[in-house]
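Engineer: My file is start.csv. It has CSV, C-alpha atoms:
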chain,number,residue,atom,x,y,z
A,1091,MET,CA,0.0,0.0,0.0
A,1092,THR,CA,1.3,3.5,-0.9
A,1093,PRO,CA,-1.0,6.0,0.7
A,1094,THR,CA,-1.0,9.6,-0.4
A,1095,GLY,CA,-2.3,12.8,1.1
A,1096,PRO,CA,-1.2,15.4,3.7
A,1097,ALA,CA,1.8,14.4,5.8
A,1098,TYR,CA,1.1,13.5,9.4
A,1099,ALA,CA,3.7,13.3,12.2
A,1100,GLY,CA,3.9,9.9,14.0
A,1101,LEU,CA,6.0,8.6,16.8
A,1102,THR,CA,6.9,4.9,17.4
A,1103,TRP,CA,9.7,3.2,19.2
A,1104,ASP,CA,13.2,2.6,18.0
A,1105,HIS,CA,13.4,-1.0,17.0
A,1106,PRO,CA,12.7,-2.8,13.7
A,1107,ARG,CA,9.6,-4.3,15.2
A,1108,GLY,CA,8.2,-0.9,16.1
A,1109,HIS,CA,9.3,1.0,13.1
A,1110,ASP,CA,10.0,-0.9,9.9
A,1111,ALA,CA,6.5,-1.9,8.8
A,1112,LEU,CA,5.1,1.5,9.6
A,1113,ALA,CA,7.8,3.4,7.7
A,1114,ALA,CA,7.6,1.0,4.7
A,1115,SER,CA,3.8,1.4,4.4
A,1116,ALA,CA,3.5,5.1,5.1
A,1117,GLY,CA,4.3,6.5,1.6
A,1118,GLY,CA,4.0,10.2,1.9
A,1119,LEU,CA,1.1,10.1,4.4
A,1120,VAL,CA,3.0,9.7,7.8
A,1121,HIS,CA,6.5,10.7,8.8
A,1122,TRP,CA,7.5,8.4,11.6
A,1123,ASP,CA,10.0,9.5,14.3
A,1124,VAL,CA,11.3,7.1,16.9
A,1125,GLN,CA,11.9,7.2,20.7
A,1126,PRO,CA,13.9,4.7,22.8
A,1127,LEU,CA,12.1,1.7,24.4
A,1128,GLU,CA,12.5,3.5,27.8
A,1129,GLY,CA,10.6,6.5,26.5
A,1130,PHE,CA,7.9,4.3,25.1
A,1131,GLU,CA,7.5,2.7,28.5
A,1132,SER,CA,7.5,5.8,30.7
A,1133,HIS,CA,7.4,9.1,28.7
A,1134,PRO,CA,4.2,11.1,29.6
A,1135,VAL,CA,1.8,10.5,26.7
A,1136,GLU,CA,0.3,14.0,27.0
A,1137,GLU,CA,3.7,15.5,26.0
A,1138,LEU,CA,4.0,13.2,23.0
A,1139,CYS,CA,0.5,13.9,21.8
A,1140,ALA,CA,1.2,17.7,21.9
A,1141,ARG,CA,3.8,17.1,19.2
A,1142,TYR,CA,2.5,14.2,17.2
A,1143,ASP,CA,-0.6,13.2,15.3
A,1144,LEU,CA,-0.2,9.5,15.6
A,1145,VAL,CA,1.4,7.9,18.7
A,1146,VAL,CA,2.3,4.2,19.2
A,1147,LEU,CA,1.7,3.5,22.9
A,1148,ASP,CA,1.4,0.9,25.6
A,1149,HIS,CA,-2.1,0.3,27.1
A,1150,PRO,CA,-1.2,1.3,30.7
A,1151,HIS,CA,-0.8,4.9,29.5
A,1152,LEU,CA,-4.5,5.0,28.8
A,1153,GLY,CA,-5.5,6.4,32.2
A,1154,GLU,CA,-3.2,9.3,31.9
A,1155,ALA,CA,-4.3,9.9,28.3
A,1156,VAL,CA,-8.0,9.8,29.1
A,1157,ARG,CA,-7.5,12.1,32.1
A,1158,THR,CA,-5.7,14.7,30.1
A,1159,GLY,CA,-7.9,14.4,27.0
A,1160,CYS,CA,-4.9,14.0,24.7
A,1161,LEU,CA,-6.2,11.2,22.5
A,1162,ARG,CA,-9.0,11.2,19.9
A,1163,PRO,CA,-11.5,8.3,20.5
A,1164,LEU,CA,-11.6,5.9,17.6
A,1165,ASP,CA,-15.2,4.7,18.0
A,1166,GLY,CA,-16.3,8.0,16.4
A,1167,LEU,CA,-14.1,7.3,13.4
A,1168,PHE,CA,-14.7,3.6,12.7
A,1169,THR,CA,-18.0,1.7,12.7
A,1170,PRO,CA,-19.0,-0.6,15.5
A,1171,GLU,CA,-18.9,-3.4,13.0
A,1172,GLU,CA,-15.2,-2.7,12.2
A,1173,LEU,CA,-14.2,-2.4,15.8
A,1174,ALA,CA,-16.1,-5.6,16.7
A,1175,ARG,CA,-14.4,-7.5,13.8
A,1176,TRP,CA,-10.9,-6.3,14.8
A,1177,GLY,CA,-11.6,-7.2,18.4
A,1178,ALA,CA,-12.8,-10.7,17.6
A,1179,GLY,CA,-9.9,-11.3,15.3
A,1180,SER,CA,-7.2,-10.0,17.7
A,1181,ILE,CA,-5.2,-12.5,19.8
A,1182,GLY,CA,-5.9,-12.6,23.6
A,1183,PRO,CA,-6.9,-9.3,25.3
A,1184,THR,CA,-5.0,-7.1,22.9
A,1185,MET,CA,-8.0,-5.1,21.5
A,1186,ARG,CA,-9.8,-4.7,24.8
A,1187,SER,CA,-6.6,-3.5,26.5
A,1188,TYR,CA,-7.0,-0.3,24.5
A,1189,ALA,CA,-10.7,0.2,25.5
A,1190,MET,CA,-11.5,2.3,28.5
A,1191,ASP,CA,-14.5,4.1,29.9
A,1192,GLY,CA,-16.7,2.8,27.1
A,1193,ARG,CA,-14.4,4.1,24.3
A,1194,GLN,CA,-11.8,2.6,22.0
A,1195,TRP,CA,-8.6,4.7,22.2
A,1196,ALA,CA,-6.1,2.7,20.1
A,1197,LEU,CA,-5.9,-0.2,17.7
A,1198,PRO,CA,-3.7,-3.2,18.5
A,1199,LEU,CA,-1.0,-2.8,15.9
A,1200,ASP,CA,1.4,-5.3,17.6
A,1201,ALA,CA,0.9,-8.1,20.0
A,1202,ALA,CA,3.5,-9.2,22.6
A,1203,THR,CA,3.7,-10.6,26.0
A,1204,GLN,CA,6.4,-12.0,28.3
A,1205,VAL,CA,7.5,-15.5,27.1
A,1206,ALA,CA,10.5,-17.7,27.7
A,1207,ALA,CA,13.6,-17.3,25.6
A,1208,THR,CA,16.2,-20.0,25.4
A,1209,ARG,CA,19.5,-20.9,23.7
A,1210,THR,CA,18.8,-24.6,23.4
A,1211,ASP,CA,22.4,-25.3,22.4
A,1212,LEU,CA,23.4,-24.1,25.9
A,1213,ALA,CA,20.3,-25.0,28.0
A,1214,GLY,CA,18.7,-28.0,26.3
A,1215,GLU,CA,15.0,-28.3,26.2
A,1216,PRO,CA,13.3,-25.1,27.4
A,1217,PRO,CA,11.9,-25.4,30.9
A,1218,GLY,CA,8.1,-25.3,31.2
A,1219,THR,CA,7.6,-24.9,34.9
A,1220,TRP,CA,9.2,-22.6,37.6
A,1221,ASP,CA,10.7,-25.7,39.3
A,1222,GLU,CA,12.4,-26.6,36.0
A,1223,VAL,CA,13.7,-23.0,35.7
A,1224,ARG,CA,15.2,-23.2,39.2
A,1225,ARG,CA,17.0,-26.5,38.2
A,1226,LEU,CA,18.3,-25.0,35.0
A,1227,ALA,CA,19.7,-21.9,36.8
A,1228,ARG,CA,22.0,-24.2,38.8
A,1229,ARG,CA,23.8,-25.5,35.7
A,1230,ALA,CA,23.5,-22.7,33.1
A,1231,PRO,CA,23.3,-18.9,33.1
A,1232,VAL,CA,19.7,-17.8,33.7
A,1233,ALA,CA,18.5,-14.2,34.2
A,1234,LEU,CA,15.3,-12.4,35.0
A,1235,SER,CA,14.2,-9.2,33.2
A,1236,LEU,CA,14.6,-6.5,36.0
A,1237,ALA,CA,15.6,-3.2,34.4
A,1238,GLY,CA,13.2,-0.3,34.3
A,1239,PRO,CA,9.6,-1.3,34.8
A,1240,HIS,CA,10.3,-5.0,34.1
A,1241,ALA,CA,11.1,-5.9,37.7
A,1242,PHE,CA,7.5,-5.4,38.7
A,1243,LEU,CA,6.2,-6.9,35.4
A,1244,THR,CA,8.2,-10.0,36.2
A,1245,PHE,CA,6.8,-10.0,39.7
A,1246,ALA,CA,3.3,-9.8,38.4
A,1247,SER,CA,3.7,-12.6,35.9
A,1248,VAL,CA,5.1,-15.0,38.4
A,1249,ALA,CA,2.2,-14.2,40.6
A,1250,VAL,CA,-0.2,-15.0,37.8
A,1251,ALA,CA,1.5,-18.4,37.3
A,1252,LEU,CA,1.2,-19.0,41.1
A,1253,GLY,CA,-2.6,-18.5,40.7
A,1254,GLU,CA,-3.2,-14.8,41.7
A,1255,GLU,CA,-3.6,-11.8,39.4
A,1256,PRO,CA,-2.2,-8.6,41.0
A,1257,ALA,CA,-4.8,-5.9,41.8
A,1258,ALA,CA,-7.7,-8.2,41.8
A,1259,ASP,CA,-8.1,-6.7,45.3
A,1260,PRO,CA,-6.8,-3.2,44.6
A,1261,ASP,CA,-6.4,-2.3,48.3
A,1262,GLN,CA,-4.2,-5.3,48.9
A,1263,LEU,CA,-2.5,-5.6,45.5
A,1264,ILE,CA,-1.4,-9.2,46.2
A,1265,GLY,CA,-1.9,-11.6,49.0
A,1266,ASP,CA,0.9,-12.3,51.5
A,1267,ASP,CA,1.5,-15.9,50.6
A,1268,THR,CA,1.7,-15.2,46.8
A,1269,GLY,CA,3.7,-12.0,47.1
A,1270,LEU,CA,6.3,-13.5,49.4
A,1271,ALA,CA,6.6,-16.7,47.4
A,1272,VAL,CA,7.2,-14.6,44.2
A,1273,LEU,CA,9.9,-12.5,45.9
A,1274,ASP,CA,11.6,-15.7,47.3
A,1275,LEU,CA,11.6,-17.3,43.8
A,1276,MET,CA,12.9,-14.2,42.1
A,1277,ALA,CA,15.6,-13.7,44.7
A,1278,GLY,CA,16.8,-17.3,44.3
A,1279,LEU,CA,17.1,-16.9,40.6
A,1280,ASP,CA,18.6,-13.5,40.7
A,1281,ALA,CA,21.4,-14.6,43.1
A,1282,LEU,CA,22.6,-17.0,40.4
A,1283,ALA,CA,22.2,-14.6,37.4
A,1284,PRO,CA,25.1,-13.1,35.5
A,1285,PRO,CA,25.5,-9.7,37.2
A,1286,ALA,CA,25.7,-7.8,33.9
A,1287,THR,CA,22.1,-8.8,33.0
A,1288,ARG,CA,20.4,-6.9,35.8
A,1289,ALA,CA,20.6,-3.5,34.0
A,1290,LEU,CA,19.5,-4.8,30.5
A,1291,ASN,CA,16.1,-4.1,29.1
A,1292,PRO,CA,14.4,-6.9,27.1
A,1293,ILE,CA,16.2,-5.9,23.9
A,1294,GLY,CA,19.5,-5.9,25.7
A,1295,LEU,CA,18.9,-9.4,27.2
A,1296,LEU,CA,17.9,-10.8,23.8
A,1297,GLU,CA,20.9,-9.2,22.1
A,1298,LEU,CA,23.2,-10.8,24.8
A,1299,MET,CA,21.6,-14.1,24.3
A,1300,ALA,CA,21.7,-14.0,20.6
A,1301,ALA,CA,25.3,-12.7,20.2
A,1302,THR,CA,27.1,-14.5,23.1
A,1303,ASP,CA,27.1,-17.6,25.2
A,1304,ARG,CA,26.7,-15.6,28.5
A,1305,LEU,CA,23.0,-16.1,28.8
A,1306,ALA,CA,21.2,-19.4,28.2
A,1307,HIS,CA,17.7,-18.7,29.3
A,1308,CYS,CA,15.3,-15.9,30.4
A,1309,PRO,CA,12.1,-17.3,31.7
A,1310,LEU,CA,10.1,-14.0,31.2
A,1311,VAL,CA,11.0,-11.5,28.5
A,1312,TYR,CA,8.9,-9.7,26.0
A,1313,GLY,CA,9.0,-11.8,22.8
A,1314,TYR,CA,10.7,-10.3,19.8
A,1315,VAL,CA,10.2,-12.2,16.5
A,1316,THR,CA,13.3,-10.5,15.1
A,1317,TYR,CA,15.4,-12.8,17.3
A,1318,ALA,CA,13.6,-16.0,16.5
A,1319,ASP,CA,16.3,-17.1,14.1
A,1320,ARG,CA,18.8,-17.2,17.0
A,1321,VAL,CA,16.7,-17.7,20.1
A,1322,THR,CA,14.0,-20.3,20.8
A,1323,PHE,CA,10.8,-18.7,22.2
A,1324,THR,CA,8.3,-20.8,24.1
A,1325,ASP,CA,5.3,-20.2,26.5
A,1326,ALA,CA,6.0,-18.6,29.8
A,1327,PRO,CA,6.6,-20.9,32.8
A,1328,ALA,CA,3.6,-22.3,34.7
A,1329,LEU,CA,3.5,-23.5,38.3
A,1330,ALA,CA,2.9,-27.1,37.1
A,1331,PRO,CA,2.5,-28.8,33.7
A,1332,GLY,CA,-0.7,-27.7,32.0
A,1333,GLY,CA,-1.1,-24.7,34.3
A,1334,ARG,CA,-1.6,-21.1,33.3
A,1335,PRO,CA,1.6,-19.6,31.8
A,1336,GLY,CA,2.0,-16.4,33.9
A,1337,SER,CA,2.6,-13.4,31.7
A,1338,THR,CA,1.9,-9.6,31.6
A,1339,LEU,CA,0.6,-8.3,28.3
A,1340,GLY,CA,2.7,-5.8,26.3
A,1341,GLY,CA,2.5,-5.0,22.6
A,1342,THR,CA,1.6,-1.7,21.1
A,1343,GLY,CA,-1.5,0.2,20.0
A,1344,ILE,CA,-1.7,3.0,17.4
A,1345,ALA,CA,-3.6,6.0,18.5
A,1346,LEU,CA,-4.6,9.4,17.2
A,1347,SER,CA,-3.8,12.5,19.3
A,1348,ALA,CA,-6.5,15.0,20.0
A,1349,ARG,CA,-4.7,17.5,17.8
A,1350,CYS,CA,-5.0,15.2,14.7
A,1351,THR,CA,-7.8,15.8,12.2
A,1352,PRO,CA,-7.7,12.5,10.3
A,1353,SER,CA,-8.2,12.6,6.5
A,1354,PRO,CA,-10.1,9.8,4.7
A,1355,GLY,CA,-6.7,8.7,3.5
A,1356,LEU,CA,-5.3,8.3,7.0
A,1357,LEU,CA,-8.4,6.4,8.2
A,1358,ALA,CA,-8.1,4.1,5.2
A,1359,HIS,CA,-4.4,3.5,6.0
A,1360,LEU,CA,-5.3,2.5,9.6
A,1361,ARG,CA,-8.0,0.2,8.3
A,1362,TRP,CA,-5.3,-1.4,6.0
A,1363,LEU,CA,-2.9,-1.9,8.9
A,1364,MET,CA,-5.6,-3.9,10.6
A,1365,SER,CA,-6.5,-5.9,7.5
A,1366,PRO,CA,-5.6,-9.6,6.9
A,1367,GLU,CA,-3.2,-8.6,4.1
A,1368,ALA,CA,-1.2,-6.3,6.4
A,1369,GLN,CA,-1.4,-8.4,9.6
A,1370,GLY,CA,-0.8,-11.7,8.0
A,1371,ASP,CA,1.8,-10.8,5.4
A,1372,PHE,CA,3.1,-7.2,5.2
A,1373,LEU,CA,3.9,-6.7,8.9
A,1374,PRO,CA,5.6,-10.0,9.4
A,1375,ARG,CA,7.7,-9.4,6.3
A,1376,HIS,CA,8.8,-6.1,7.7
A,1377,SER,CA,9.9,-7.2,11.2
A,1378,GLY,CA,6.4,-6.5,12.6
A,1379,GLN,CA,4.6,-8.7,15.2
A,1380,PRO,CA,0.9,-8.7,14.2
A,1381,SER,CA,-2.0,-8.7,16.6
A,1382,ALA,CA,-4.4,-10.8,14.4
A,1383,ARG,CA,-4.9,-14.3,15.8
A,1384,THR,CA,-4.9,-15.7,12.2
A,1385,ALA,CA,-1.3,-14.5,11.8
A,1386,TRP,CA,-0.3,-16.2,15.1
A,1387,THR,CA,-1.8,-19.5,14.2
A,1388,SER,CA,-1.1,-19.7,10.4
A,1389,PRO,CA,1.8,-22.0,9.4
A,1390,GLY,CA,2.4,-19.6,6.5
A,1391,THR,CA,3.3,-16.6,8.7
A,1392,VAL,CA,7.0,-15.6,8.6
A,1393,ALA,CA,8.7,-17.2,11.6
A,1394,ALA,CA,5.6,-19.2,12.3
A,1395,ASP,CA,7.3,-21.3,15.0
A,1396,PHE,CA,7.7,-18.2,17.2
A,1397,TYR,CA,4.0,-17.6,17.1
A,1398,ARG,CA,2.9,-21.2,17.5
A,1399,ARG,CA,5.1,-21.8,20.5
A,1400,THR,CA,3.9,-18.7,22.4
A,1401,THR,CA,0.2,-18.4,21.4
A,1402,ALA,CA,-1.1,-19.9,24.6
A,1403,THR,CA,0.7,-17.4,26.7
A,1404,CYS,CA,-0.6,-14.4,24.6
A,1405,GLU,CA,-4.1,-15.7,24.8
A,1406,ARG,CA,-4.1,-15.8,28.6
A,1407,ALA,CA,-1.9,-12.8,29.4
A,1408,TRP,CA,-2.7,-10.5,32.3
A,1409,VAL,CA,-3.8,-6.9,31.5
A,1410,ARG,CA,-2.2,-4.3,33.7
A,1411,PRO,CA,-4.3,-1.6,35.5
A,1412,ARG,CA,-4.7,1.5,33.4
A,1413,HIS,CA,-5.6,4.3,35.9
A,1414,ALA,CA,-3.8,7.6,35.6
A,1415,GLY,CA,-1.3,6.9,38.4
A,1416,TYR,CA,-0.3,3.4,37.2
A,1417,ILE,CA,2.9,4.3,35.3
A,1418,GLY,CA,4.4,6.0,38.3
A,1419,PHE,CA,3.5,3.1,40.5
A,1420,GLN,CA,5.1,0.6,38.1
A,1421,THR,CA,8.3,2.6,38.2
A,1422,ALA,CA,8.4,2.8,42.0
A,1423,ALA,CA,7.3,-0.8,42.5
A,1424,SER,CA,10.1,-2.0,40.2
A,1425,ALA,CA,12.7,-0.1,42.3
A,1426,THR,CA,11.2,-1.8,45.4
A,1427,VAL,CA,11.5,-5.2,43.9
A,1428,ARG,CA,15.1,-4.6,42.9
A,1429,ALA,CA,15.9,-3.4,46.4
A,1430,ALA,CA,14.3,-6.6,47.9
A,1431,LEU,CA,16.3,-8.8,45.5
A,1432,ALA,CA,19.5,-7.0,46.4
A,1433,GLY,CA,18.9,-7.6,50.1
A,1434,GLU,CA,18.5,-3.9,50.8
A,1435,THR,CA,15.0,-4.5,52.3
A,1436,ASP,CA,13.3,-7.6,53.6
A,1437,HIS,CA,10.6,-9.2,51.5
A,1438,ARG,CA,7.7,-8.5,53.8
A,1439,ALA,CA,8.7,-4.8,54.0
A,1440,ALA,CA,9.0,-4.7,50.2
A,1441,LEU,CA,5.5,-6.2,49.8
A,1442,ASP,CA,4.0,-3.7,52.2
A,1443,ARG,CA,5.8,-0.9,50.4
A,1444,MET,CA,4.3,-2.0,47.0
A,1445,ARG,CA,0.8,-2.0,48.6
A,1446,VAL,CA,1.2,1.5,49.9
A,1447,LEU,CA,2.5,2.7,46.5
A,1448,TYR,CA,-0.4,1.1,44.7
A,1449,ARG,CA,-3.0,2.6,47.0
A,1450,ALA,CA,-1.4,6.0,46.6
A,1451,SER,CA,-1.4,5.7,42.8
A,1452,ARG,CA,-5.2,5.7,42.8
A,1453,THR,CA,-7.5,8.6,43.5
A,1454,PRO,CA,-10.1,8.3,46.4
A,1455,GLU,CA,-12.8,7.9,43.7
A,1456,GLU,CA,-10.8,5.0,42.0
A,1457,ARG,CA,-10.3,3.3,45.4
A,1458,GLN,CA,-14.1,3.2,45.8
A,1459,THR,CA,-14.7,1.4,42.5
Let me see the structure of the file written as structure tokens.
Structural biologist:
Amino acid sequence: MTPTGPAYAGLTWDHPRGHDALAASAGGLVHWDVQPLEGFESHPVEELCARYDLVVLDHPHLGEAVRTGCLRPLDGLFTPEELARWGAGSIGPTMRSYAMDGRQWALPLDAATQVAATRTDLAGEPPGTWDEVRRLARRAPVALSLAGPHAFLTFASVAVALGEEPAADPDQLIGDDTGLAVLDLMAGLDALAPPATRALNPIGLLELMAATDRLAHCPLVYGYVTYADRVTFTDAPALAPGGRPGSTLGGTGIALSARCTPSPGLLAHLRWLMSPEAQGDFLPRHSGQPSARTAWTSPGTVAADFYRRTTATCERAWVRPRHAGYIGFQTAASATVRAALAGETDHRAALDRMRVLYRASRTPEERQT
């Protein structure tokens, strides 16, 4: 597709998975700038929307975006039938993760969740349970994803595998037994991890795994199809065989800022990005990671084994809270987890601290709902 029309300014994240397909399909319609992964994860979306017409974002930013009014709702631009079709065709909770307060704020351009990554030549068969991960860590280099917000995201995913979704009781965040078990498991693994891995974001971990023999396995890292030729991706670990693979949904949505007045050509381009042609063929051929379930389950999709081996995890991934204070909580909670793993605070104090942080991240009105 080679759209034409007035040029719009778009912002995505600086990785082939986030950029290449958008740039290759934009023609003269959208000029795509990039920001680092860390900016995508934490930069205030209101500031980005003041400068860009289209913004690729993560669903936990929705609360901030809705509160500040910086996004244009999409249900006024696309028909209910279109939105329903894209929702039914999207893998797992990807489409609904961008719906809030009865409105659709973004379209799931890209689907990702935390999965297991393994160098099978170093580790052998990928472990499928957390007990197997523990055993592997005693004989091969294994690391958790702990940099930036990922310490809390890893905590949350292990909790899901242990049978409890965080924030099901928002005043408590997580139960004592689950929370302490998660921190104990993480601390045991982190004590054996190569020290250099603790500061690496998911891309850095996968680069290290792909380019060196210093990392054999990461049990929870956001899947990147661009490394599937060098790293084996499989479902996230479960507590026991056949159990739920604990994982926290990631991926990206494409949204329109409130400043954007979309032309018919731009809306047609967004429709095309969600089409079977784009999702099943164009995006995968340009380093993209589609959200359409058919692309994840088709044996003809580029790097089909990556999708086949991780579909179950994506289908059952946990969706993070999306209230306006969540991003700040995620940052502070991750620092608390890292402090607990480093032995700077005991695990019960860390758990209590995360609960306090979570309650403080929600307004009095939100705490009553």
Engineer: May I ask which of the residues A:Pro1231, A:Pro1256, A:Gly1118, A:Gly1333 is the closest one to Thr1287 (chain A), counting only C-alpha atoms?
Structural biologist: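 Selected residue with least distance to Thr1287 (chain A): A:Pro1231.
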Engineer: Interatomic distance between CA of Ala1300 (chain A) and CA of Leu1243 (chain A)?
Structural biologist: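 Separating CA of Ala1300 (chain A) from CA of Leu1243 (chain A) is a distance of 22.6 Å.
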Engineer: With 8 Å as the threshold, what does the neighbourhood of (2.6, -3.1, 18.4) contain in terms of residues, counting only C-alpha atoms? Coordinates are those of the file; answer as a ChimeraX atom specification.
Structural biologist: /A:1107-1108,1146,1198-1202,1341-1344,1378-1381
Engineer: Tell me, as a ChimeraX atom specification, which residues lie within 12 Å of Gly1265 (chain A), counting all atoms listed in the file; anything in the same chain fewer than 2 positions away does not count.
Structural biologist: /A:1246,1249-1250,1252-1263,1267-1272,1438,1441-1442,1444-1445
Engineer: For Leu1346 (chain A), which residue out of A:Asp1110, A:Leu1161, A:Leu1275, A:Leu1119 is the nearest one, using all atoms listed in the file?
Structural biologist: A:Leu1161
Engineer: Quote the spacing between CA of Pro1335 (chain A) and CA of Leu1373 (chain A) in Å to one decimal place.
Structural biologist: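 According to the coordinates, CA of Pro1335 (chain A) and CA of Leu1373 (chain A) are separated by 26.4 Å.
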Engineer: Using only C-alpha atoms, what residues lie at most 6 Å away from (18.3, -3.8, 32.7) (file coordinates), given as an MDAnalysis selection string?
Structural biologist: chainID A and resid 1236:1237 1288:1291
Engineer: Using only C-alpha atoms, please write the residues we just selected to a file, as a compact mmCIF listing (two decimals), in the frame of the given file.
Structural biologist:
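Contents of again_39.txt, freshly written:
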# COMPACT_ATOMS: atom_id res chain seq x y z
CA LEU A 1236 14.60 -6.50 36.00
CA ALA A 1237 15.60 -3.20 34.40
CA ARG A 1288 20.40 -6.90 35.80
CA ALA A 1289 20.60 -3.50 34.00
CA LEU A 1290 19.50 -4.80 30.50
CA ASN A 1291 16.10 -4.10 29.10
Engineer: Identify, on the basis of only C-alpha atoms, every residue whose closest approach to Tyr1142 (chain A) does not exceed 12 Å; exclude the query and any residue fewer than 3 positions from it along the same chain; express the result as a list in words.
Structural biologist: Ala1097, Tyr1098, Ala1099, Gly1100, Leu1101, Thr1102, Val1120, His1121, Trp1122, Asp1123, Val1124, Val1135, Glu1136, Glu1137, Leu1138, Cys1139, Val1145, Val1146, Cys1160, Leu1161, Ile1344, Ala1345, Leu1346, Ser1347, Ala1348, Arg1349, Cys1350 and Thr1351 of chain A
Engineer: Would you save the residues of that selection, restricted to C-alpha atoms, as an mmCIF file, keeping the file's coordinate frame?
Structural biologist:
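Produced file selection_24.cif, reproduced below:
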data_model
loop_
_atom_site.group_PDB
_atom_site.id
_atom_site.type_symbol
_atom_site.label_atom_id
_atom_site.label_comp_id
_atom_site.auth_asym_id
_atom_site.auth_seq_id
_atom_site.Cartn_x
_atom_site.Cartn_y
_atom_site.Cartn_z
ATOM 1 C CA ALA A 1097 1.800 14.400 5.800
ATOM 2 C CA TYR A 1098 1.100 13.500 9.400
ATOM 3 C CA ALA A 1099 3.700 13.300 12.200
ATOM 4 C CA GLY A 1100 3.900 9.900 14.000
ATOM 5 C CA LEU A 1101 6.000 8.600 16.800
ATOM 6 C CA THR A 1102 6.900 4.900 17.400
ATOM 7 C CA VAL A 1120 3.000 9.700 7.800
ATOM 8 C CA HIS A 1121 6.500 10.700 8.800
ATOM 9 C CA TRP A 1122 7.500 8.400 11.600
ATOM 10 C CA ASP A 1123 10.000 9.500 14.300
ATOM 11 C CA VAL A 1124 11.300 7.100 16.900
ATOM 12 C CA VAL A 1135 1.800 10.500 26.700
ATOM 13 C CA GLU A 1136 0.300 14.000 27.000
ATOM 14 C CA GLU A 1137 3.700 15.500 26.000
ATOM 15 C CA LEU A 1138 4.000 13.200 23.000
ATOM 16 C CA CYS A 1139 0.500 13.900 21.800
ATOM 17 C CA VAL A 1145 1.400 7.900 18.700
ATOM 18 C CA VAL A 1146 2.300 4.200 19.200
ATOM 19 C CA CYS A 1160 -4.900 14.000 24.700
ATOM 20 C CA LEU A 1161 -6.200 11.200 22.500
ATOM 21 C CA ILE A 1344 -1.700 3.000 17.400
ATOM 22 C CA ALA A 1345 -3.600 6.000 18.500
ATOM 23 C CA LEU A 1346 -4.600 9.400 17.200
ATOM 24 C CA SER A 1347 -3.800 12.500 19.300
ATOM 25 C CA ALA A 1348 -6.500 15.000 20.000
ATOM 26 C CA ARG A 1349 -4.700 17.500 17.800
ATOM 27 C CA CYS A 1350 -5.000 15.200 14.700
ATOM 28 C CA THR A 1351 -7.800 15.800 12.200
#
Engineer: Which is closer to Val1311 (chain A) than all the others in A:Arg1410, A:His1240, A:Arg1375, A:Arg1186, using all atoms listed in the file?
Structural biologist: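 Among the listed residues, A:His1240 lies closest to Val1311 (chain A).
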Engineer: Determine the nearest neighbour of Pro1216 (chain A) from the options A:His1151, A:Arg1175, A:Arg1399, A:Arg1383, counting all atoms listed in the file.
Structural biologist: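 Ranked by minimum distance to Pro1216 (chain A), first place goes to A:Arg1399.
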Engineer: Would you work out the distance separating CA of Cys1404 (chain A) from CA of Leu1339 (chain A), expressed in Å to one decimal?
Structural biologist: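 The value is 7.2 Å.
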Engineer: Rank nothing, just name the residue among A:Trp1386, A:Tyr1416, A:Tyr1317, A:Tyr1448 nearest to Glu1131 (chain A), using all atoms listed in the file.
Structural biologist: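 For Glu1131 (chain A), the nearest of the candidates is A:Tyr1416.
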Engineer: List the neighbours of region 1422-1430 of chain A out to 10 Å using only C-alpha atoms; skip same-chain residues closer than 2 positions along the sequence, and give me the result as a VMD selection string.
Structural biologist: chain A and resid 1236 to 1245 1273 to 1274 1276 to 1277 1280 1288 1416 to 1420 1432 to 1441 1443 to 1448
Engineer: Between A:Leu1282, A:Val1392, A:Ala1407, A:Ile1293, which residue has the minimum interatomic distance to Gly1340 (chain A), considering all atoms listed in the file?
Structural biologist: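 Among the listed residues, A:Ala1407 lies closest to Gly1340 (chain A).
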Engineer: Using all atoms listed in the file, determine which residues lie at most 9 Å from Arg1452 (chain A), disregarding the query and same-chain residues fewer than 6 positions distant; provide the list as a list in words.
Structural biologist: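 Result of the neighbour search: His1413, Ala1414, Gly1415 and Tyr1416 of chain A.
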Engineer: Taking a cut-off of 12 Å and counting all atoms listed in the file, can you build a table that, for each residue of region 1355-1390 of chain A near region 1167-1172 of chain A, reports the nearest atom pair and how far apart they are in Å (one decimal), sorted by chain then residue number, as a Markdown table?
Structural biologist:
| residue | atom | partner | partner_atom | distance |
| --- | --- | --- | --- | --- |
| A:Leu1356 | CA | A:Leu1167 | CA | 10.9 |
| A:Leu1357 | CA | A:Leu1167 | CA | 7.8 |
| A:Ala1358 | CA | A:Phe1168 | CA | 10.0 |
| A:Leu1360 | CA | A:Phe1168 | CA | 10.0 |
| A:Arg1361 | CA | A:Glu1172 | CA | 8.7 |
| A:Trp1362 | CA | A:Glu1172 | CA | 11.8 |
| A:Met1364 | CA | A:Glu1172 | CA | 9.8 |
| A:Ser1365 | CA | A:Glu1172 | CA | 10.4 |
Engineer: Edge lengths and centre in Å to one decimal, as AutoDock Vina command-line options, is what I'm after for the box along x, y and z that holds all listed atoms of region 1219-1237 of chain A once 3 Å is added on each side.
Structural biologist:
--center_x 15.7 --center_y -14.9 --center_z 36.2 --size_x 22.2 --size_y 29.4 --size_z 12.2
Engineer: Neighbouring residues of Leu1310 (chain A) were defined as those with any atom within 9 Å, considering all atoms listed in the file; residues of the same chain fewer than 4 positions away were excluded. Please report them as an MDAnalysis selection string.
Structural biologist: chainID A and resid 1203:1207 1233:1235 1244 1247:1248 1326:1327 1336:1337
